[in-house]
>>> print(open('model07.csv').read())   # CSV, C-alpha atoms
chain,number,residue,atom,x,y,z
A,1,MET,CA,-134.4,-169.9,119.7
A,2,ILE,CA,-136.1,-173.2,120.9
A,3,MET,CA,-132.9,-175.2,120.2
A,4,PHE,CA,-130.8,-172.6,122.2
A,5,SER,CA,-133.1,-173.0,125.2
A,6,LYS,CA,-132.9,-176.8,125.0
A,7,ASN,CA,-129.0,-176.6,125.0
A,8,ILE,CA,-129.0,-174.3,128.0
A,9,LYS,CA,-131.3,-176.7,129.9
A,10,CYS,CA,-129.1,-179.7,129.0
A,11,LEU,CA,-126.0,-178.0,130.2
A,12,TYR,CA,-127.7,-177.0,133.5
A,13,LEU,CA,-128.9,-180.6,134.2
A,14,LYS,CA,-125.4,-182.0,133.4
A,15,SER,CA,-123.8,-179.5,135.8
A,16,ILE,CA,-126.3,-180.4,138.6
A,17,LYS,CA,-125.6,-184.1,138.1
A,18,ARG,CA,-121.8,-183.6,138.3
A,19,ILE,CA,-122.1,-181.5,141.5
A,20,LYS,CA,-124.3,-184.1,143.1
A,21,GLY,CA,-121.9,-186.9,142.1
A,22,PHE,CA,-119.0,-185.0,143.7
A,23,LEU,CA,-120.8,-184.2,146.9
A,24,LEU,CA,-121.9,-187.9,147.3
A,25,GLY,CA,-118.6,-189.3,146.1
A,26,GLU,CA,-115.7,-190.8,148.0
A,27,LYS,CA,-113.3,-187.9,147.3
A,28,TYR,CA,-115.7,-185.4,148.9
A,29,ARG,CA,-116.0,-187.4,152.1
A,30,GLU,CA,-112.2,-187.7,152.2
A,31,PHE,CA,-111.9,-183.9,151.8
A,32,LEU,CA,-114.4,-183.3,154.7
A,33,ILE,CA,-112.4,-185.6,156.9
A,34,PHE,CA,-109.2,-183.8,156.0
A,35,LEU,CA,-110.8,-180.4,156.9
A,36,PHE,CA,-112.0,-181.7,160.2
A,37,PHE,CA,-108.6,-182.9,161.4
A,38,PHE,CA,-107.0,-179.8,160.0
A,39,PHE,CA,-109.2,-177.6,162.1
A,40,ILE,CA,-108.7,-179.8,165.2
A,41,ALA,CA,-104.9,-179.5,164.7
A,42,SER,CA,-105.0,-175.8,164.2
A,43,ALA,CA,-107.1,-175.3,167.4
A,44,PHE,CA,-104.5,-177.3,169.4
A,45,TRP,CA,-101.7,-175.4,167.8
A,46,LEU,CA,-103.4,-172.0,168.6
A,47,LEU,CA,-104.0,-173.0,172.3
A,48,GLN,CA,-100.4,-174.1,172.7
A,49,THR,CA,-99.1,-170.9,171.1
A,50,LEU,CA,-101.3,-168.7,173.3
A,51,ASN,CA,-100.0,-170.4,176.4
A,52,TYR,CA,-96.6,-168.5,176.0
A,53,ASP,CA,-95.9,-165.1,177.3
A,54,TYR,CA,-96.1,-162.1,175.0
A,55,GLU,CA,-95.7,-158.3,175.1
A,56,THR,CA,-98.2,-155.9,173.5
A,57,GLU,CA,-99.4,-152.3,173.7
A,58,PHE,CA,-102.8,-150.9,174.5
A,59,SER,CA,-104.3,-147.4,174.5
A,60,ILE,CA,-106.2,-146.1,177.6
A,61,PRO,CA,-108.2,-142.9,177.4
A,62,LEU,CA,-107.0,-139.9,179.5
A,63,LYS,CA,-109.3,-137.1,180.7
A,64,LEU,CA,-108.9,-134.0,182.7
A,65,LYS,CA,-112.0,-133.1,184.8
A,66,ASP,CA,-113.4,-130.3,186.9
A,67,VAL,CA,-111.6,-127.6,184.9
A,68,PRO,CA,-112.9,-124.1,186.1
A,69,ALA,CA,-114.9,-122.0,183.7
A,70,ASN,CA,-112.3,-119.2,183.6
A,71,VAL,CA,-109.4,-121.6,182.8
A,72,MET,CA,-108.4,-122.3,179.2
A,73,LEU,CA,-105.9,-125.1,178.4
A,74,THR,CA,-103.4,-123.6,176.0
A,75,ALA,CA,-101.3,-126.8,175.7
A,76,ASP,CA,-103.5,-129.9,175.9
A,77,LEU,CA,-102.9,-133.2,177.5
A,78,PRO,CA,-102.7,-136.2,175.2
A,79,SER,CA,-106.0,-137.9,174.7
A,80,GLU,CA,-104.7,-141.3,175.7
A,81,LEU,CA,-101.9,-143.3,177.3
A,82,THR,CA,-100.0,-146.1,175.6
A,83,VAL,CA,-99.3,-148.9,178.0
A,84,ARG,CA,-97.0,-151.9,177.3
A,85,VAL,CA,-97.9,-155.1,179.1
A,86,LYS,CA,-96.7,-158.7,179.3
A,87,ASP,CA,-98.9,-161.8,179.9
A,88,LYS,CA,-100.0,-165.1,178.4
A,89,GLY,CA,-101.4,-164.9,174.9
A,90,THR,CA,-104.9,-166.0,176.1
A,91,VAL,CA,-105.1,-163.0,178.5
A,92,LEU,CA,-103.8,-160.6,175.9
A,93,LEU,CA,-106.2,-161.9,173.3
A,94,ASN,CA,-109.0,-161.3,175.8
A,95,TYR,CA,-107.8,-157.6,176.2
A,96,MET,CA,-107.9,-157.2,172.4
A,97,LEU,CA,-111.3,-158.8,171.8
A,98,ALA,CA,-113.4,-158.1,174.8
A,99,LYS,CA,-111.8,-155.6,177.2
A,100,THR,CA,-112.9,-152.0,177.4
A,101,PHE,CA,-110.6,-149.7,179.3
A,102,PHE,CA,-112.1,-146.9,181.4
A,103,PRO,CA,-110.5,-143.5,181.1
A,104,ILE,CA,-107.8,-142.4,183.5
A,105,MET,CA,-109.3,-139.4,185.3
A,106,LEU,CA,-107.3,-136.4,186.4
A,107,ASN,CA,-108.7,-133.7,188.7
A,108,PHE,CA,-107.6,-130.2,187.7
A,109,SER,CA,-107.5,-129.0,191.3
A,110,ASP,CA,-105.1,-131.8,192.4
A,111,TYR,CA,-102.2,-130.4,190.3
A,112,LYS,CA,-100.4,-127.1,190.5
A,113,GLY,CA,-97.4,-125.8,188.6
A,114,ALA,CA,-95.1,-122.8,188.3
A,115,ASN,CA,-96.2,-120.2,185.8
A,116,ASN,CA,-99.4,-122.3,185.1
A,117,HIS,CA,-97.2,-125.1,183.7
A,118,VAL,CA,-98.2,-128.5,185.1
A,119,ARG,CA,-96.0,-131.6,184.8
A,120,ILE,CA,-97.2,-135.0,186.1
A,121,ASN,CA,-95.2,-138.3,186.1
A,122,ALA,CA,-97.1,-141.1,184.5
A,123,SER,CA,-96.1,-143.4,187.4
A,124,GLU,CA,-98.9,-141.7,189.4
A,125,PHE,CA,-101.5,-143.5,187.3
A,126,GLU,CA,-100.1,-147.0,187.6
A,127,LYS,CA,-102.6,-148.0,190.3
A,128,GLN,CA,-105.5,-146.8,188.1
A,129,ILE,CA,-104.1,-148.8,185.2
A,130,LEU,CA,-103.3,-152.0,187.2
A,131,SER,CA,-106.8,-152.0,188.6
A,132,GLN,CA,-108.1,-152.6,185.1
A,133,LEU,CA,-105.7,-155.4,184.3
A,134,ASN,CA,-105.6,-159.1,185.1
A,135,VAL,CA,-103.6,-160.0,188.3
A,136,SER,CA,-101.1,-161.9,186.2
A,137,THR,CA,-100.4,-159.0,183.8
A,138,ARG,CA,-97.2,-157.1,184.2
A,139,LEU,CA,-97.2,-153.4,183.4
A,140,LEU,CA,-93.9,-152.7,181.6
A,141,THR,CA,-94.1,-149.0,180.5
A,142,VAL,CA,-96.5,-146.1,180.2
A,143,LYS,CA,-96.1,-143.5,177.5
A,144,PRO,CA,-95.7,-140.6,177.6
A,145,ALA,CA,-93.6,-140.9,180.8
A,146,VAL,CA,-94.4,-137.3,181.8
A,147,LEU,CA,-97.7,-135.5,181.1
A,148,GLU,CA,-97.7,-131.8,180.9
A,149,TYR,CA,-100.1,-129.0,180.1
A,150,ILE,CA,-100.2,-125.2,180.3
A,151,TYR,CA,-103.3,-123.2,181.2
A,152,SER,CA,-104.3,-119.6,181.2
A,153,THR,CA,-106.6,-117.9,183.7
A,154,GLY,CA,-108.7,-115.8,181.4
A,155,LYS,CA,-105.9,-113.7,179.7
A,156,SER,CA,-106.7,-113.2,176.1
A,157,LYS,CA,-106.7,-110.8,173.1
A,158,PHE,CA,-107.8,-110.7,169.5
A,159,VAL,CA,-105.1,-111.0,166.8
A,160,PRO,CA,-105.4,-110.8,163.0
A,161,VAL,CA,-105.1,-113.9,160.8
A,162,ARG,CA,-102.2,-114.1,158.4
A,163,LEU,CA,-101.6,-116.5,155.5
A,164,LEU,CA,-98.4,-118.5,155.6
A,165,GLY,CA,-97.3,-120.3,152.4
A,166,LYS,CA,-96.7,-119.9,148.7
A,167,ILE,CA,-99.4,-119.7,146.1
A,168,GLY,CA,-98.4,-120.3,142.4
A,169,LEU,CA,-100.7,-119.1,139.7
A,170,ASP,CA,-101.1,-119.9,136.0
A,171,ARG,CA,-99.8,-117.2,133.6
A,172,GLN,CA,-101.9,-114.0,133.5
A,173,TYR,CA,-103.7,-114.9,136.7
A,174,TYR,CA,-103.4,-113.1,140.0
A,175,ILE,CA,-104.9,-113.1,143.5
A,176,SER,CA,-107.0,-110.0,143.9
A,177,ASP,CA,-107.5,-110.4,147.7
A,178,THR,CA,-107.0,-112.7,150.7
A,179,VAL,CA,-110.2,-113.1,152.7
A,180,PHE,CA,-110.4,-114.9,156.1
A,181,SER,CA,-113.5,-115.8,157.9
A,182,PRO,CA,-113.2,-114.8,160.6
A,183,ASP,CA,-110.3,-112.3,159.9
A,184,SER,CA,-109.2,-112.3,163.6
A,185,VAL,CA,-109.3,-114.9,166.4
A,186,LEU,CA,-109.1,-114.9,170.2
A,187,VAL,CA,-105.8,-116.2,171.6
A,188,TYR,CA,-105.5,-117.4,175.2
A,189,ALA,CA,-102.0,-117.6,176.9
A,190,PRO,CA,-100.0,-116.6,180.0
A,191,ASN,CA,-98.9,-113.0,179.9
A,192,THR,CA,-95.3,-113.8,179.1
A,193,ILE,CA,-96.5,-115.7,175.9
A,194,LEU,CA,-99.5,-113.5,175.1
A,195,ASP,CA,-97.3,-110.4,174.7
A,196,THR,CA,-95.2,-112.0,172.0
A,197,ILE,CA,-98.2,-113.0,169.8
A,198,THR,CA,-99.1,-110.4,167.2
A,199,ALA,CA,-100.9,-112.5,164.6
A,200,ALA,CA,-102.3,-116.0,164.1
A,201,TYR,CA,-100.6,-117.7,161.1
A,202,THR,CA,-102.2,-120.5,159.1
A,203,GLN,CA,-100.4,-123.8,158.6
A,204,GLN,CA,-98.1,-123.5,155.6
A,205,LEU,CA,-100.1,-123.7,152.4
A,206,LEU,CA,-98.3,-124.7,149.2
A,207,LEU,CA,-100.3,-124.5,146.0
A,208,ASP,CA,-99.4,-124.3,142.3
A,209,HIS,CA,-101.0,-123.6,139.0
A,210,ILE,CA,-104.1,-121.9,140.5
A,211,SER,CA,-106.5,-120.5,137.9
A,212,ASP,CA,-109.8,-120.3,139.7
A,213,THR,CA,-111.0,-118.8,143.0
A,214,LEU,CA,-109.9,-121.0,145.9
A,215,LYS,CA,-112.0,-121.7,149.0
A,216,ARG,CA,-110.6,-123.8,151.8
A,217,GLN,CA,-110.8,-124.4,155.6
A,218,VAL,CA,-107.3,-124.0,157.0
A,219,SER,CA,-105.9,-124.8,160.5
A,220,LEU,CA,-103.9,-122.2,162.4
A,221,ASN,CA,-100.3,-122.9,163.4
A,222,ARG,CA,-100.1,-124.0,167.0
A,223,VAL,CA,-98.0,-121.9,169.4
A,224,ARG,CA,-96.7,-123.7,172.4
A,225,GLY,CA,-98.4,-122.4,175.5
A,226,ALA,CA,-101.2,-120.6,173.5
A,227,LYS,CA,-104.6,-121.5,172.2
A,228,PHE,CA,-106.5,-119.9,169.3
A,229,VAL,CA,-110.3,-119.8,169.3
A,230,PRO,CA,-111.3,-120.9,166.7
A,231,ASN,CA,-108.3,-123.0,165.7
A,232,SER,CA,-109.2,-123.0,162.0
A,233,VAL,CA,-110.6,-120.3,159.6
A,234,GLY,CA,-112.2,-120.2,156.2
A,235,LEU,CA,-109.8,-118.9,153.5
A,236,THR,CA,-111.0,-117.4,150.2
A,237,LEU,CA,-108.5,-116.5,147.5
A,238,PRO,CA,-110.3,-114.7,144.7
A,239,VAL,CA,-108.4,-115.4,141.4
A,240,ASP,CA,-108.8,-113.0,138.5
A,241,ILE,CA,-107.2,-112.8,135.0
A,242,TYR,CA,-105.2,-109.8,133.8
A,243,THR,CA,-106.4,-107.9,130.7
A,244,GLU,CA,-105.0,-104.7,129.1
A,245,LYS,CA,-106.8,-101.4,128.9
A,246,THR,CA,-105.9,-98.0,127.4
A,247,VAL,CA,-107.3,-94.6,128.5
A,248,ASP,CA,-106.6,-91.0,127.4
A,249,VAL,CA,-105.6,-88.8,130.4
A,250,PRO,CA,-105.2,-85.0,130.1
A,251,ILE,CA,-102.2,-83.2,131.6
A,252,TYR,CA,-103.0,-80.4,134.1
A,253,GLY,CA,-100.8,-77.6,135.5
A,254,ILE,CA,-101.0,-76.8,139.2
A,255,ASN,CA,-99.7,-74.0,141.4
A,256,PHE,CA,-99.3,-71.7,138.3
A,257,PRO,CA,-99.5,-67.9,138.7
A,258,ALA,CA,-102.8,-66.4,137.8
A,259,ASP,CA,-101.4,-64.8,134.7
A,260,LYS,CA,-99.8,-68.0,133.3
A,261,VAL,CA,-101.2,-71.2,131.9
A,262,LEU,CA,-99.7,-74.6,130.8
A,263,ARG,CA,-100.0,-75.8,127.2
A,264,THR,CA,-98.7,-79.3,126.4
A,265,PHE,CA,-98.4,-80.9,123.0
A,266,PRO,CA,-100.3,-83.3,122.9
A,267,SER,CA,-102.7,-82.2,125.6
A,268,LYS,CA,-103.5,-85.8,126.5
A,269,VAL,CA,-101.4,-89.0,126.7
A,270,GLN,CA,-102.4,-92.6,126.4
A,271,ILE,CA,-102.0,-94.7,129.5
A,272,THR,CA,-101.9,-98.5,129.0
A,273,PHE,CA,-102.1,-100.8,132.0
A,274,GLN,CA,-103.0,-104.3,133.1
A,275,VAL,CA,-106.1,-104.7,135.3
A,276,GLY,CA,-108.2,-107.7,136.5
A,277,LEU,CA,-111.1,-108.6,134.3
A,278,ARG,CA,-113.6,-107.9,137.1
A,279,HIS,CA,-112.3,-104.3,137.5
A,280,PHE,CA,-112.0,-103.6,133.8
A,281,HIS,CA,-115.1,-101.4,133.5
A,282,ASN,CA,-114.7,-99.7,136.9
A,283,MET,CA,-111.2,-98.3,136.2
A,284,THR,CA,-111.4,-95.2,134.0
A,285,ALA,CA,-109.2,-92.2,133.0
A,286,ASN,CA,-110.4,-90.4,136.1
A,287,ASP,CA,-108.4,-92.8,138.3
A,288,PHE,CA,-105.2,-91.5,136.8
A,289,VAL,CA,-103.9,-88.0,137.7
A,290,LEU,CA,-101.2,-86.2,135.6
A,291,ASN,CA,-100.5,-82.9,137.4
A,292,VAL,CA,-97.4,-80.9,136.7
A,293,SER,CA,-96.4,-78.1,139.1
A,294,TYR,CA,-95.1,-74.7,137.9
A,295,GLU,CA,-92.0,-75.0,140.1
A,296,GLU,CA,-91.1,-78.3,138.5
A,297,LEU,CA,-91.3,-76.9,134.9
A,298,PHE,CA,-89.6,-73.6,135.9
A,299,HIS,CA,-86.5,-75.4,137.0
A,300,LEU,CA,-86.5,-78.0,134.3
A,301,GLY,CA,-84.3,-76.2,131.8
A,302,SER,CA,-85.9,-78.0,128.8
A,303,GLU,CA,-88.9,-77.7,126.6
A,304,LYS,CA,-89.7,-81.4,126.9
A,305,TYR,CA,-91.3,-82.9,130.0
A,306,THR,CA,-91.1,-86.6,130.9
A,307,VAL,CA,-94.6,-87.6,131.9
A,308,LYS,CA,-94.9,-89.1,135.4
A,309,LEU,CA,-97.8,-90.5,137.3
A,310,LYS,CA,-98.0,-89.2,140.8
A,311,THR,CA,-100.0,-92.2,142.0
A,312,ILE,CA,-101.0,-95.5,140.4
A,313,PRO,CA,-104.5,-96.6,141.3
A,314,HIS,CA,-105.0,-99.9,143.2
A,315,GLY,CA,-105.5,-102.8,140.9
A,316,ALA,CA,-103.5,-101.4,138.0
A,317,SER,CA,-100.0,-102.7,137.1
A,318,ARG,CA,-97.4,-102.6,134.3
A,319,VAL,CA,-98.4,-99.0,133.5
A,320,ARG,CA,-97.0,-97.6,130.2
A,321,ILE,CA,-97.4,-93.9,129.0
A,322,SER,CA,-97.4,-92.9,125.4
A,323,PRO,CA,-95.8,-90.6,124.5
A,324,ALA,CA,-93.3,-90.7,127.3
A,325,GLN,CA,-92.4,-87.1,126.7
A,326,VAL,CA,-94.4,-84.1,125.7
A,327,ASP,CA,-93.5,-80.6,124.5
A,328,PHE,CA,-94.8,-77.8,126.7
A,329,LEU,CA,-95.2,-74.1,126.7
A,330,ILE,CA,-95.9,-71.7,129.7
A,331,GLU,CA,-98.2,-69.1,128.1
A,332,GLN,CA,-98.3,-65.6,129.5
A,333,LEU,CA,-101.9,-64.4,129.6
A,334,SER,CA,-102.7,-60.9,128.5
A,335,PRO,CA,-105.0,-58.8,130.7
A,336,SER,CA,-107.9,-59.3,128.2
A,337,ASN,CA,-107.4,-63.1,128.1
A,338,GLU,CA,-107.1,-63.2,131.8
A,339,HIS,CA,-110.4,-61.4,132.2
>>> encode(input="model07.csv", output="structure tokens")
Amino acid sequence: MIMFSKNIKCLYLKSIKRIKGFLLGEKYREFLIFLFFFFIASAFWLLQTLNYDYETEFSIPLKLKDVPANVMLTADLPSELTVRVKDKGTVLLNYMLAKTFFPIMLNFSDYKGANNHVRINASEFEKQILSQLNVSTRLLTVKPAVLEYIYSTGKSKFVPVRLLGKIGLDRQYYISDTVFSPDSVLVYAPNTILDTITAAYTQQLLLDHISDTLKRQVSLNRVRGAKFVPNSVGLTLPVDIYTEKTVDVPIYGINFPADKVLRTFPSKVQITFQVGLRHFHNMTANDFVLNVSYEELFHLGSEKYTVKLKTIPHGASRVRISPAQVDFLIEQLSPSNEH
């Protein structure tokens, strides 16, 4: 251990000695002189290069002010303008590193449009833009060239939220419900547009191999000239797994005369169906109804009846009945039996 420490110390001292020798040596001084002249040459080259004219683009914020409280913008203005300018590189570099552009302000009351649709040529803002630029700077283009927005004066209604997309699940899994929070949203739009909107659809959702409950915040599809509040909703897709269950269900006769009764052989049939695991214990034989009317059997012309479910309870699928056919007898009651 002591020898190892001595070796480390010796290596450290030798390394320090070599570094000192390099820093104080002739080669290091030559290297420093080379770096000095390299930086001087680079600075001259940069100054010469920046003295030429160049073109570049900048973004300037855009804001609409003094919007009345009863006005809802249903198609918003862009949040910024893209301007293309030309000037010497030194001026453009100053814009990039030090210049802060003030927003272009639009007053809502200054602009009117047919059917609440306002269009403004970007050339109207050139003076506001040029006032923030150097005198030598040339303004080449402003994008977008035309600004437009649509507004509604308080016309609104609630519409339900609907899912748009395709959800693929792993085998034996299914979606037991589609839950939105909130399940309806307020939509603002001019009357001509508002009348055509019956639901707010989510942006297309494409998912595959889902095997667990999904929770996600989803945005609503934009409709030109309309605005949804809120513009996104919470989506919950409860995912359950199918399991199989079998119950014994009796067959009952209905609308039979008072002196007649139905006898079936067997008196019960087995109903096998698929159901979600979370509803397995809640679904019982009482949820299935096997009623056979007297008129149906009277006109059957056979002693075998094909068992049919009148309704299938919600949540049950792939229902099978065993046996599929039963023998039956319409028994005439004697007066004593009837009593």
>>> closest_atom_pairs(input="model07.csv", of="range 174-224 of chain A", to="range 311-316 of chain A", cutoff="12 Å", atoms="all atoms listed in the file", output="CSV")
residue,atom,partner,partner_atom,distance
A:Tyr174,CA,A:Gly315,CA,10.6
A:Ile175,CA,A:Gly315,CA,10.6
A:Ser176,CA,A:Gly315,CA,7.9
A:Asp177,CA,A:Gly315,CA,10.4
>>> write_last_selection(input="model07.csv", atoms="C-alpha atoms", output="PDB file, in the coordinates of the input")
ATOM      1  CA  TYR A 174    -103.400-113.100 140.000  1.00  0.00           C
ATOM      2  CA  ILE A 175    -104.900-113.100 143.500  1.00  0.00           C
ATOM      3  CA  SER A 176    -107.000-110.000 143.900  1.00  0.00           C
ATOM      4  CA  ASP A 177    -107.500-110.400 147.700  1.00  0.00           C
TER       5      ASP A 177
END
>>> residues_around(input="model07.csv", residues="Val118 in chain A", least_positions_apart="6", cutoff="12 Å", atoms="only C-alpha atoms", output="PDB file with C-alpha atoms, in the frame of the given file")
ATOM      1  CA  LEU A  73    -105.900-125.100 178.400  1.00  0.00           C
ATOM      2  CA  THR A  74    -103.400-123.600 176.000  1.00  0.00           C
ATOM      3  CA  ALA A  75    -101.300-126.800 175.700  1.00  0.00           C
ATOM      4  CA  ASP A  76    -103.500-129.900 175.900  1.00  0.00           C
ATOM      5  CA  LEU A  77    -102.900-133.200 177.500  1.00  0.00           C
ATOM      6  CA  PHE A 108    -107.600-130.200 187.700  1.00  0.00           C
ATOM      7  CA  SER A 109    -107.500-129.000 191.300  1.00  0.00           C
ATOM      8  CA  ASP A 110    -105.100-131.800 192.400  1.00  0.00           C
ATOM      9  CA  TYR A 111    -102.200-130.400 190.300  1.00  0.00           C
ATOM     10  CA  LYS A 112    -100.400-127.100 190.500  1.00  0.00           C
ATOM     11  CA  VAL A 146     -94.400-137.300 181.800  1.00  0.00           C
ATOM     12  CA  LEU A 147     -97.700-135.500 181.100  1.00  0.00           C
ATOM     13  CA  GLU A 148     -97.700-131.800 180.900  1.00  0.00           C
ATOM     14  CA  TYR A 149    -100.100-129.000 180.100  1.00  0.00           C
ATOM     15  CA  ILE A 150    -100.200-125.200 180.300  1.00  0.00           C
ATOM     16  CA  TYR A 151    -103.300-123.200 181.200  1.00  0.00           C
ATOM     17  CA  SER A 152    -104.300-119.600 181.200  1.00  0.00           C
ATOM     18  CA  GLY A 225     -98.400-122.400 175.500  1.00  0.00           C
TER      19      GLY A 225
END
>>> residues_around(input="model07.csv", residues="range 234-248 of chain A", least_positions_apart="4", cutoff="8 Å", atoms="all atoms listed in the file", output="JSON, numbers by chain")
{"A": [172, 173, 174, 175, 176, 177, 178, 179, 180, 181, 182, 210, 211, 212, 213, 214, 215, 216, 217, 218, 268, 269, 270, 271, 272, 273, 274, 275, 276, 277, 278, 280, 284, 285]}
>>> closest_residue(input="model07.csv", among="A:Arg263, A:His299, A:Lys88, A:Lys166", to="Phe328 in chain A", atoms="all atoms listed in the file")
A:Arg263
>>> residues_around(input="model07.csv", residues="Phe125 in chain A", least_positions_apart="6", cutoff="12 Å", atoms="all atoms listed in the file", output="mmCIF file with C-alpha atoms, in the frame of the given file")
data_model
loop_
_atom_site.group_PDB
_atom_site.id
_atom_site.type_symbol
_atom_site.label_atom_id
_atom_site.label_comp_id
_atom_site.auth_asym_id
_atom_site.auth_seq_id
_atom_site.Cartn_x
_atom_site.Cartn_y
_atom_site.Cartn_z
ATOM 1 C CA ILE A 60 -106.200 -146.100 177.600
ATOM 2 C CA PRO A 61 -108.200 -142.900 177.400
ATOM 3 C CA LEU A 62 -107.000 -139.900 179.500
ATOM 4 C CA LEU A 81 -101.900 -143.300 177.300
ATOM 5 C CA VAL A 83 -99.300 -148.900 178.000
ATOM 6 C CA PRO A 103 -110.500 -143.500 181.100
ATOM 7 C CA ILE A 104 -107.800 -142.400 183.500
ATOM 8 C CA MET A 105 -109.300 -139.400 185.300
ATOM 9 C CA LEU A 106 -107.300 -136.400 186.400
ATOM 10 C CA SER A 131 -106.800 -152.000 188.600
ATOM 11 C CA GLN A 132 -108.100 -152.600 185.100
ATOM 12 C CA LEU A 139 -97.200 -153.400 183.400
ATOM 13 C CA THR A 141 -94.100 -149.000 180.500
ATOM 14 C CA VAL A 142 -96.500 -146.100 180.200
ATOM 15 C CA LYS A 143 -96.100 -143.500 177.500
ATOM 16 C CA PRO A 144 -95.700 -140.600 177.600
ATOM 17 C CA ALA A 145 -93.600 -140.900 180.800
ATOM 18 C CA VAL A 146 -94.400 -137.300 181.800
ATOM 19 C CA LEU A 147 -97.700 -135.500 181.100
#
>>> closest_residue(input="model07.csv", among="A:Ser156, A:Thr137, A:Thr82, A:Leu163", to="Ala122 in chain A", atoms="only C-alpha atoms")
A:Thr82
>>> atom_distance(input="model07.csv", atom1="CA of Glu303 in chain A", atom2="CA of Asn286 in chain A")
26.7 Å
>>> decode(input="model07.csv", residues="range 151-163 of chain A", atoms="N, CA, C and O atoms", output="PDB file, in the first residue's frame")
ATOM      1  N   TYR A 151     -65.443  37.282 -35.833  1.00  0.00           N
ATOM      2  CA  TYR A 151     -65.877  37.426 -34.443  1.00  0.00           C
ATOM      3  C   TYR A 151     -67.383  37.232 -34.335  1.00  0.00           C
ATOM      4  O   TYR A 151     -68.130  37.387 -35.315  1.00  0.00           O
ATOM      5  N   SER A 152     -67.804  36.873 -33.149  1.00  0.00           N
ATOM      6  CA  SER A 152     -69.222  36.676 -32.870  1.00  0.00           C
ATOM      7  C   SER A 152     -69.632  37.598 -31.742  1.00  0.00           C
ATOM      8  O   SER A 152     -68.869  37.801 -30.792  1.00  0.00           O
ATOM      9  N   THR A 153     -70.829  38.160 -31.868  1.00  0.00           N
ATOM     10  CA  THR A 153     -71.315  39.070 -30.827  1.00  0.00           C
ATOM     11  C   THR A 153     -72.280  38.331 -29.903  1.00  0.00           C
ATOM     12  O   THR A 153     -73.489  38.566 -29.911  1.00  0.00           O
ATOM     13  N   GLY A 154     -71.720  37.429 -29.132  1.00  0.00           N
ATOM     14  CA  GLY A 154     -72.496  36.792 -28.075  1.00  0.00           C
ATOM     15  C   GLY A 154     -73.352  35.620 -28.498  1.00  0.00           C
ATOM     16  O   GLY A 154     -74.066  35.071 -27.663  1.00  0.00           O
ATOM     17  N   LYS A 155     -73.367  35.180 -29.764  1.00  0.00           N
ATOM     18  CA  LYS A 155     -74.169  34.046 -30.184  1.00  0.00           C
ATOM     19  C   LYS A 155     -73.452  32.755 -29.793  1.00  0.00           C
ATOM     20  O   LYS A 155     -72.290  32.547 -30.145  1.00  0.00           O
ATOM     21  N   SER A 156     -74.129  31.884 -29.071  1.00  0.00           N
ATOM     22  CA  SER A 156     -73.469  30.661 -28.588  1.00  0.00           C
ATOM     23  C   SER A 156     -74.501  29.592 -28.279  1.00  0.00           C
ATOM     24  O   SER A 156     -75.702  29.863 -28.168  1.00  0.00           O
ATOM     25  N   LYS A 157     -74.014  28.375 -28.122  1.00  0.00           N
ATOM     26  CA  LYS A 157     -74.851  27.259 -27.679  1.00  0.00           C
ATOM     27  C   LYS A 157     -73.946  26.138 -27.187  1.00  0.00           C
ATOM     28  O   LYS A 157     -72.742  26.111 -27.502  1.00  0.00           O
ATOM     29  N   PHE A 158     -74.513  25.231 -26.413  1.00  0.00           N
ATOM     30  CA  PHE A 158     -73.778  24.061 -25.941  1.00  0.00           C
ATOM     31  C   PHE A 158     -73.947  22.921 -26.945  1.00  0.00           C
ATOM     32  O   PHE A 158     -75.046  22.687 -27.466  1.00  0.00           O
ATOM     33  N   VAL A 159     -72.844  22.221 -27.217  1.00  0.00           N
ATOM     34  CA  VAL A 159     -72.889  21.049 -28.093  1.00  0.00           C
ATOM     35  C   VAL A 159     -72.145  19.898 -27.409  1.00  0.00           C
ATOM     36  O   VAL A 159     -71.193  20.122 -26.649  1.00  0.00           O
ATOM     37  N   PRO A 160     -72.566  18.659 -27.661  1.00  0.00           N
ATOM     38  CA  PRO A 160     -71.879  17.514 -27.049  1.00  0.00           C
ATOM     39  C   PRO A 160     -70.514  17.267 -27.694  1.00  0.00           C
ATOM     40  O   PRO A 160     -70.284  17.616 -28.849  1.00  0.00           O
ATOM     41  N   VAL A 161     -69.628  16.646 -26.927  1.00  0.00           N
ATOM     42  CA  VAL A 161     -68.298  16.291 -27.422  1.00  0.00           C
ATOM     43  C   VAL A 161     -68.345  14.877 -27.984  1.00  0.00           C
ATOM     44  O   VAL A 161     -68.945  13.970 -27.383  1.00  0.00           O
ATOM     45  N   ARG A 162     -67.710  14.685 -29.138  1.00  0.00           N
ATOM     46  CA  ARG A 162     -67.677  13.375 -29.783  1.00  0.00           C
ATOM     47  C   ARG A 162     -66.227  12.998 -30.102  1.00  0.00           C
ATOM     48  O   ARG A 162     -65.417  13.843 -30.463  1.00  0.00           O
ATOM     49  N   LEU A 163     -65.935  11.696 -29.980  1.00  0.00           N
ATOM     50  CA  LEU A 163     -64.579  11.198 -30.254  1.00  0.00           C
ATOM     51  C   LEU A 163     -64.421  10.934 -31.739  1.00  0.00           C
ATOM     52  O   LEU A 163     -65.262  10.293 -32.373  1.00  0.00           O
TER      53      LEU A 163
END
